[in-house]
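Trainee: File upload30.pdb below, PDB, C-alpha atoms, pLDDT in the B column:
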```pdb
ATOM      1  CA  MET A  20      -8.774 -14.697 -23.636  1.00 50.00           C
ATOM      2  CA  GLN A  21      -9.606 -11.732 -21.398  1.00 57.00           C
ATOM      3  CA  GLY A  22     -12.958 -12.066 -19.611  1.00 56.00           C
ATOM      4  CA  SER A  23     -13.660 -15.620 -20.749  1.00 61.00           C
ATOM      5  CA  ARG A  24     -14.310 -18.570 -18.472  1.00 68.00           C
ATOM      6  CA  ALA A  25     -10.758 -19.749 -19.067  1.00 68.00           C
ATOM      7  CA  THR A  26      -9.224 -16.679 -17.399  1.00 71.00           C
ATOM      8  CA  TYR A  27      -7.699 -17.220 -13.949  1.00 68.00           C
ATOM      9  CA  GLU A  28      -6.415 -14.468 -11.730  1.00 74.00           C
ATOM     10  CA  ALA A  29      -4.623 -14.355  -8.369  1.00 75.00           C
ATOM     11  CA  LEU A  30      -2.964 -11.711  -6.221  1.00 76.00           C
ATOM     12  CA  LEU A  31       0.240 -12.728  -4.463  1.00 75.00           C
ATOM     13  CA  THR A  32       1.616 -10.341  -1.865  1.00 78.00           C
ATOM     14  CA  ARG A  33       5.112 -10.171  -0.402  1.00 81.00           C
ATOM     15  CA  THR A  34       6.487 -12.247  -3.240  1.00 83.00           C
ATOM     16  CA  PRO A  35      10.288 -12.092  -3.538  1.00 88.00           C
ATOM     17  CA  GLU A  36      11.795 -10.753  -6.755  1.00 88.00           C
ATOM     18  CA  GLY A  37      12.591 -13.364  -9.367  1.00 91.00           C
ATOM     19  CA  GLU A  38      11.338 -15.575 -12.157  1.00 93.00           C
ATOM     20  CA  TYR A  39       8.239 -17.731 -11.547  1.00 91.00           C
ATOM     21  CA  LYS A  40       6.464 -20.452 -13.510  1.00 91.00           C
ATOM     22  CA  PHE A  41       2.779 -21.193 -12.844  1.00 86.00           C
ATOM     23  CA  TRP A  42       0.704 -24.109 -14.073  1.00 85.00           C
ATOM     24  CA  LEU A  43      -2.849 -25.269 -13.559  1.00 81.00           C
ATOM     25  CA  SER A  44      -2.902 -28.204 -11.184  1.00 80.00           C
ATOM     26  CA  SER A  45      -6.648 -28.338 -10.537  1.00 79.00           C
ATOM     27  CA  PRO A  46      -9.025 -28.948 -12.244  1.00 79.00           C
ATOM     28  CA  SER A  47      -7.296 -31.425 -14.478  1.00 80.00           C
ATOM     29  CA  VAL A  48      -7.540 -30.749 -18.197  1.00 79.00           C
ATOM     30  CA  GLU A  49      -6.945 -32.913 -21.238  1.00 83.00           C
ATOM     31  CA  GLY A  50      -3.652 -32.439 -23.016  1.00 82.00           C
ATOM     32  CA  THR A  51      -0.897 -30.202 -21.704  1.00 82.00           C
ATOM     33  CA  LYS A  52      -1.567 -28.237 -18.577  1.00 82.00           C
ATOM     34  CA  PRO A  53      -1.922 -24.475 -19.060  1.00 82.00           C
ATOM     35  CA  GLN A  54       1.144 -22.647 -17.811  1.00 86.00           C
ATOM     36  CA  VAL A  55       2.616 -19.171 -17.751  1.00 87.00           C
ATOM     37  CA  GLU A  56       5.919 -17.604 -16.733  1.00 90.00           C
ATOM     38  CA  ALA A  57       6.155 -14.346 -14.807  1.00 88.00           C
ATOM     39  CA  ARG A  58       8.788 -12.037 -13.399  1.00 88.00           C
ATOM     40  CA  VAL A  59       8.359 -10.196 -10.096  1.00 86.00           C
ATOM     41  CA  LEU A  60      10.036  -6.789 -10.152  1.00 81.00           C
ATOM     42  CA  PRO A  61      10.872  -4.526  -7.204  1.00 76.00           C
ATOM     43  CA  PRO A  62       8.245  -1.894  -6.381  1.00 73.00           C
ATOM     44  CA  PRO A  63       8.512   1.117  -8.685  1.00 71.00           C
ATOM     45  CA  GLY A  64      10.565   3.940  -7.294  1.00 72.00           C
ATOM     46  CA  GLU A  65      12.022   2.071  -4.338  1.00 66.00           C
ATOM     47  CA  LEU A  66      15.602   2.414  -5.514  1.00 70.00           C
ATOM     48  CA  ASP A  67      15.150   5.138  -8.124  1.00 73.00           C
ATOM     49  CA  ARG A  68      16.051   8.101  -5.938  1.00 72.00           C
ATOM     50  CA  LEU A  69      18.756   7.356  -3.423  1.00 77.00           C
ATOM     51  CA  ARG A  70      19.685  11.006  -2.781  1.00 81.00           C
ATOM     52  CA  MET A  71      18.483  12.918   0.237  1.00 82.00           C
ATOM     53  CA  ASN A  72      15.490  15.141  -0.475  1.00 86.00           C
ATOM     54  CA  GLN A  73      17.038  18.365   0.842  1.00 89.00           C
ATOM     55  CA  ALA A  74      13.947  20.542   0.231  1.00 92.00           C
ATOM     56  CA  ASP A  75      11.594  18.224   2.132  1.00 93.00           C
ATOM     57  CA  MET A  76      14.070  17.834   4.995  1.00 91.00           C
ATOM     58  CA  GLU A  77      14.355  21.609   5.358  1.00 93.00           C
ATOM     59  CA  GLN A  78      10.571  22.026   5.171  1.00 95.00           C
ATOM     60  CA  ALA A  79      10.078  19.393   7.882  1.00 95.00           C
ATOM     61  CA  ALA A  80      12.675  21.170  10.027  1.00 93.00           C
ATOM     62  CA  ARG A  81      10.880  24.516   9.595  1.00 94.00           C
ATOM     63  CA  GLU A  82       7.475  23.028  10.429  1.00 95.00           C
ATOM     64  CA  SER A  83       8.824  21.351  13.557  1.00 94.00           C
ATOM     65  CA  ARG A  84      10.820  24.454  14.528  1.00 90.00           C
ATOM     66  CA  GLY A  85      14.042  22.513  14.176  1.00 90.00           C
ATOM     67  CA  LYS A  86      17.016  22.612  11.869  1.00 90.00           C
ATOM     68  CA  SER A  87      18.219  20.399   9.030  1.00 90.00           C
ATOM     69  CA  TYR A  88      21.877  19.351   8.814  1.00 91.00           C
ATOM     70  CA  THR A  89      23.963  17.811   6.072  1.00 88.00           C
ATOM     71  CA  LEU A  90      27.176  15.873   6.547  1.00 88.00           C
ATOM     72  CA  ALA A  91      29.111  19.057   5.770  1.00 90.00           C
ATOM     73  CA  ASP A  92      27.649  20.975   8.729  1.00 90.00           C
ATOM     74  CA  ALA A  93      26.755  18.110  11.100  1.00 90.00           C
ATOM     75  CA  ASP A  94      29.671  18.964  13.405  1.00 92.00           C
ATOM     76  CA  SER A  95      27.834  22.155  14.468  1.00 91.00           C
ATOM     77  CA  LEU A  96      24.864  20.123  15.746  1.00 91.00           C
ATOM     78  CA  ILE A  97      26.172  19.847  19.317  1.00 91.00           C
ATOM     79  CA  ASP A  98      26.829  23.583  19.506  1.00 90.00           C
ATOM     80  CA  ASP A  99      23.323  24.366  18.211  1.00 89.00           C
ATOM     81  CA  LEU A 100      21.521  22.241  20.791  1.00 88.00           C
ATOM     82  CA  PRO A 101      19.732  24.436  23.349  1.00 84.00           C
ATOM     83  CA  SER A 102      20.815  24.093  26.935  1.00 85.00           C
ATOM     84  CA  GLY A 103      18.101  22.321  28.857  1.00 85.00           C
ATOM     85  CA  THR A 104      16.846  23.071  32.307  1.00 87.00           C
ATOM     86  CA  ARG A 105      18.045  20.872  35.120  1.00 84.00           C
ATOM     87  CA  VAL A 106      15.336  18.761  36.734  1.00 82.00           C
ATOM     88  CA  THR A 107      15.693  18.145  40.436  1.00 80.00           C
ATOM     89  CA  LEU A 108      14.445  14.890  41.867  1.00 78.00           C
ATOM     90  CA  ASN A 109      12.694  15.023  45.204  1.00 80.00           C
ATOM     91  CA  GLN A 110      13.389  11.666  46.762  1.00 77.00           C
ATOM     92  CA  PRO A 111      12.996  10.914  50.448  1.00 81.00           C
ATOM     93  CA  ARG A 112      16.232   8.913  50.551  1.00 81.00           C
ATOM     94  CA  PRO A 113      19.443   8.547  48.533  1.00 79.00           C
ATOM     95  CA  PRO A 114      19.374   6.297  45.454  1.00 75.00           C
ATOM     96  CA  TRP A 115      19.658   2.572  46.002  1.00 76.00           C
ATOM     97  CA  PRO A 116      22.542   1.042  43.978  1.00 80.00           C
ATOM     98  CA  LEU A 117      20.600  -1.935  42.658  1.00 83.00           C
ATOM     99  CA  TRP A 118      22.954  -2.957  39.847  1.00 82.00           C
ATOM    100  CA  ASN A 119      26.042  -2.797  42.063  1.00 84.00           C
ATOM    101  CA  HIS A 120      24.496  -4.971  44.750  1.00 87.00           C
ATOM    102  CA  ALA A 121      25.984  -8.436  45.423  1.00 90.00           C
ATOM    103  CA  LEU A 122      22.547 -10.092  45.466  1.00 92.00           C
ATOM    104  CA  MET A 123      21.824  -8.840  41.941  1.00 93.00           C
ATOM    105  CA  PHE A 124      25.111 -10.361  40.769  1.00 93.00           C
ATOM    106  CA  LEU A 125      24.234 -13.679  42.403  1.00 95.00           C
ATOM    107  CA  LEU A 126      20.733 -13.609  40.871  1.00 96.00           C
ATOM    108  CA  VAL A 127      22.086 -13.086  37.342  1.00 95.00           C
ATOM    109  CA  ILE A 128      24.753 -15.779  37.765  1.00 97.00           C
ATOM    110  CA  GLY A 129      22.112 -18.154  39.187  1.00 97.00           C
ATOM    111  CA  LEU A 130      19.757 -17.577  36.255  1.00 97.00           C
ATOM    112  CA  LEU A 131      22.506 -18.100  33.697  1.00 97.00           C
ATOM    113  CA  THR A 132      23.680 -21.262  35.453  1.00 97.00           C
ATOM    114  CA  SER A 133      20.159 -22.700  35.690  1.00 97.00           C
ATOM    115  CA  GLU A 134      19.586 -22.052  31.962  1.00 97.00           C
ATOM    116  CA  TRP A 135      22.859 -23.808  31.152  1.00 97.00           C
ATOM    117  CA  VAL A 136      21.932 -26.791  33.354  1.00 97.00           C
ATOM    118  CA  MET A 137      18.465 -27.086  31.763  1.00 97.00           C
ATOM    119  CA  ARG A 138      19.927 -26.942  28.243  1.00 96.00           C
ATOM    120  CA  LYS A 139      22.526 -29.547  29.161  1.00 96.00           C
ATOM    121  CA  ALA A 140      19.836 -31.837  30.631  1.00 96.00           C
ATOM    122  CA  ALA A 141      17.669 -31.444  27.522  1.00 95.00           C
ATOM    123  CA  ALA A 142      20.608 -32.207  25.232  1.00 94.00           C
ATOM    124  CA  THR A 143      21.494 -35.287  27.286  1.00 93.00           C
ATOM    125  CA  ALA A 144      17.892 -36.515  27.111  1.00 92.00           C
ATOM    126  CA  VAL A 145      17.859 -36.112  23.335  1.00 91.00           C
ATOM    127  CA  MET A 146      21.132 -38.003  23.011  1.00 90.00           C
ATOM    128  CA  ARG A 147      19.819 -40.862  25.175  1.00 90.00           C
ATOM    129  CA  GLU A 148      16.620 -40.996  23.095  1.00 87.00           C
ATOM    130  CA  ARG A 149      18.577 -41.200  19.843  1.00 86.00           C
ATOM    131  CA  SER A 150      20.892 -43.927  21.096  1.00 83.00           C
ATOM    132  CA  ALA A 151      18.036 -46.053  22.414  1.00 74.00           C
TER     133      ALA A 151
END
```
Would you mind giving the structure from this file in structure tokens?
Mentor:
Amino acid sequence: MQGSRATYEALLTRTPEGEYKFWLSSPSVEGTKPQVEARVLPPPGELDRLRMNQADMEQAARESRGKSYTLADADSLIDDLPSGTRVTLNQPRPPWPLWNHALMFLLVIGLLTSEWVMRKAAATAVMRERSA
């Protein structure tokens, strides 16, 4: 009965879609426990419109001073991109090839090897513990 003392209500969030069955576990009641079945449906409208909203895309492009493309004219995107200005970097010395350096290679190999050794040691310890 709506609004009576026997009405229970709960809000469950992030509940997966599906069929659910609820029953009263506490407080205990005489006779059969009150129960109810429910179905969780997907949020309304989530999969209703799967088409691109062309009008809103074009409006967003106008407001951002951009352009909207469809798959039919997407190949003209590269040609429509404005040519940017080249930025010069003022560095006191030439770039340092960090990633091509032998020490960087040795560091990465050393880290990978140490991780492998630690995992192997942990696995061996677990195996010894189980056999003991």
Trainee: Any idea what the distance is between CA of Glu56 in chain A and CA of Glu38 in chain A?
Mentor: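 Rounded to one decimal, the two atoms are 7.4 Å apart.
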Trainee: Given the file shown, enumerate the residues that the PyMOL selection byres ((chain A and resi 53) around 7) captures and present them as a PyMOL selection string.
Mentor: chain A and resi 42-43+51-52+54
Trainee: Using all atoms listed in the file, which residue out of A:Lys40, A:Lys139, A:Lys86, A:Arg33 lies closest to Leu60 in chain A?
Mentor: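 Closest to Leu60 in chain A of all the choices is A:Arg33.
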Trainee: Go ahead and fit an axis-aligned box to every listed atom of range 56-63 of chain A plus 6 Å each side, and pass me the centre and edge lengths in Å, one decimal, as AutoDock Vina command-line options.
Mentor:
```
--center_x 8.4 --center_y -8.2 --center_z -11.6 --size_x 17.0 --size_y 30.7 --size_z 22.4
```
Trainee: In Å to one decimal, how far is CA of Ile128 in chain A from CA of Arg112 in chain A?
Mentor: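 Answer for the CA of Arg112 in chain A to CA of Ile128 in chain A separation: 29.1 Å.
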Trainee: If we count only C-alpha atoms and set the cut-off at 12 Å, which residues sit around Leu31 in chain A, ignoring sequence neighbours fewer than 5 positions away in its own chain? Please answer as a list in words.
Mentor: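 My reading of the contact set: Glu36, Tyr39 and Val59 of chain A.
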Trainee: Please report the interatomic distance between CA of Asp98 in chain A and CA of Asp75 in chain A in Å with one decimal.
Mentor: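 Spanning CA of Asp98 in chain A to CA of Asp75 in chain A is a straight-line distance of 23.7 Å.
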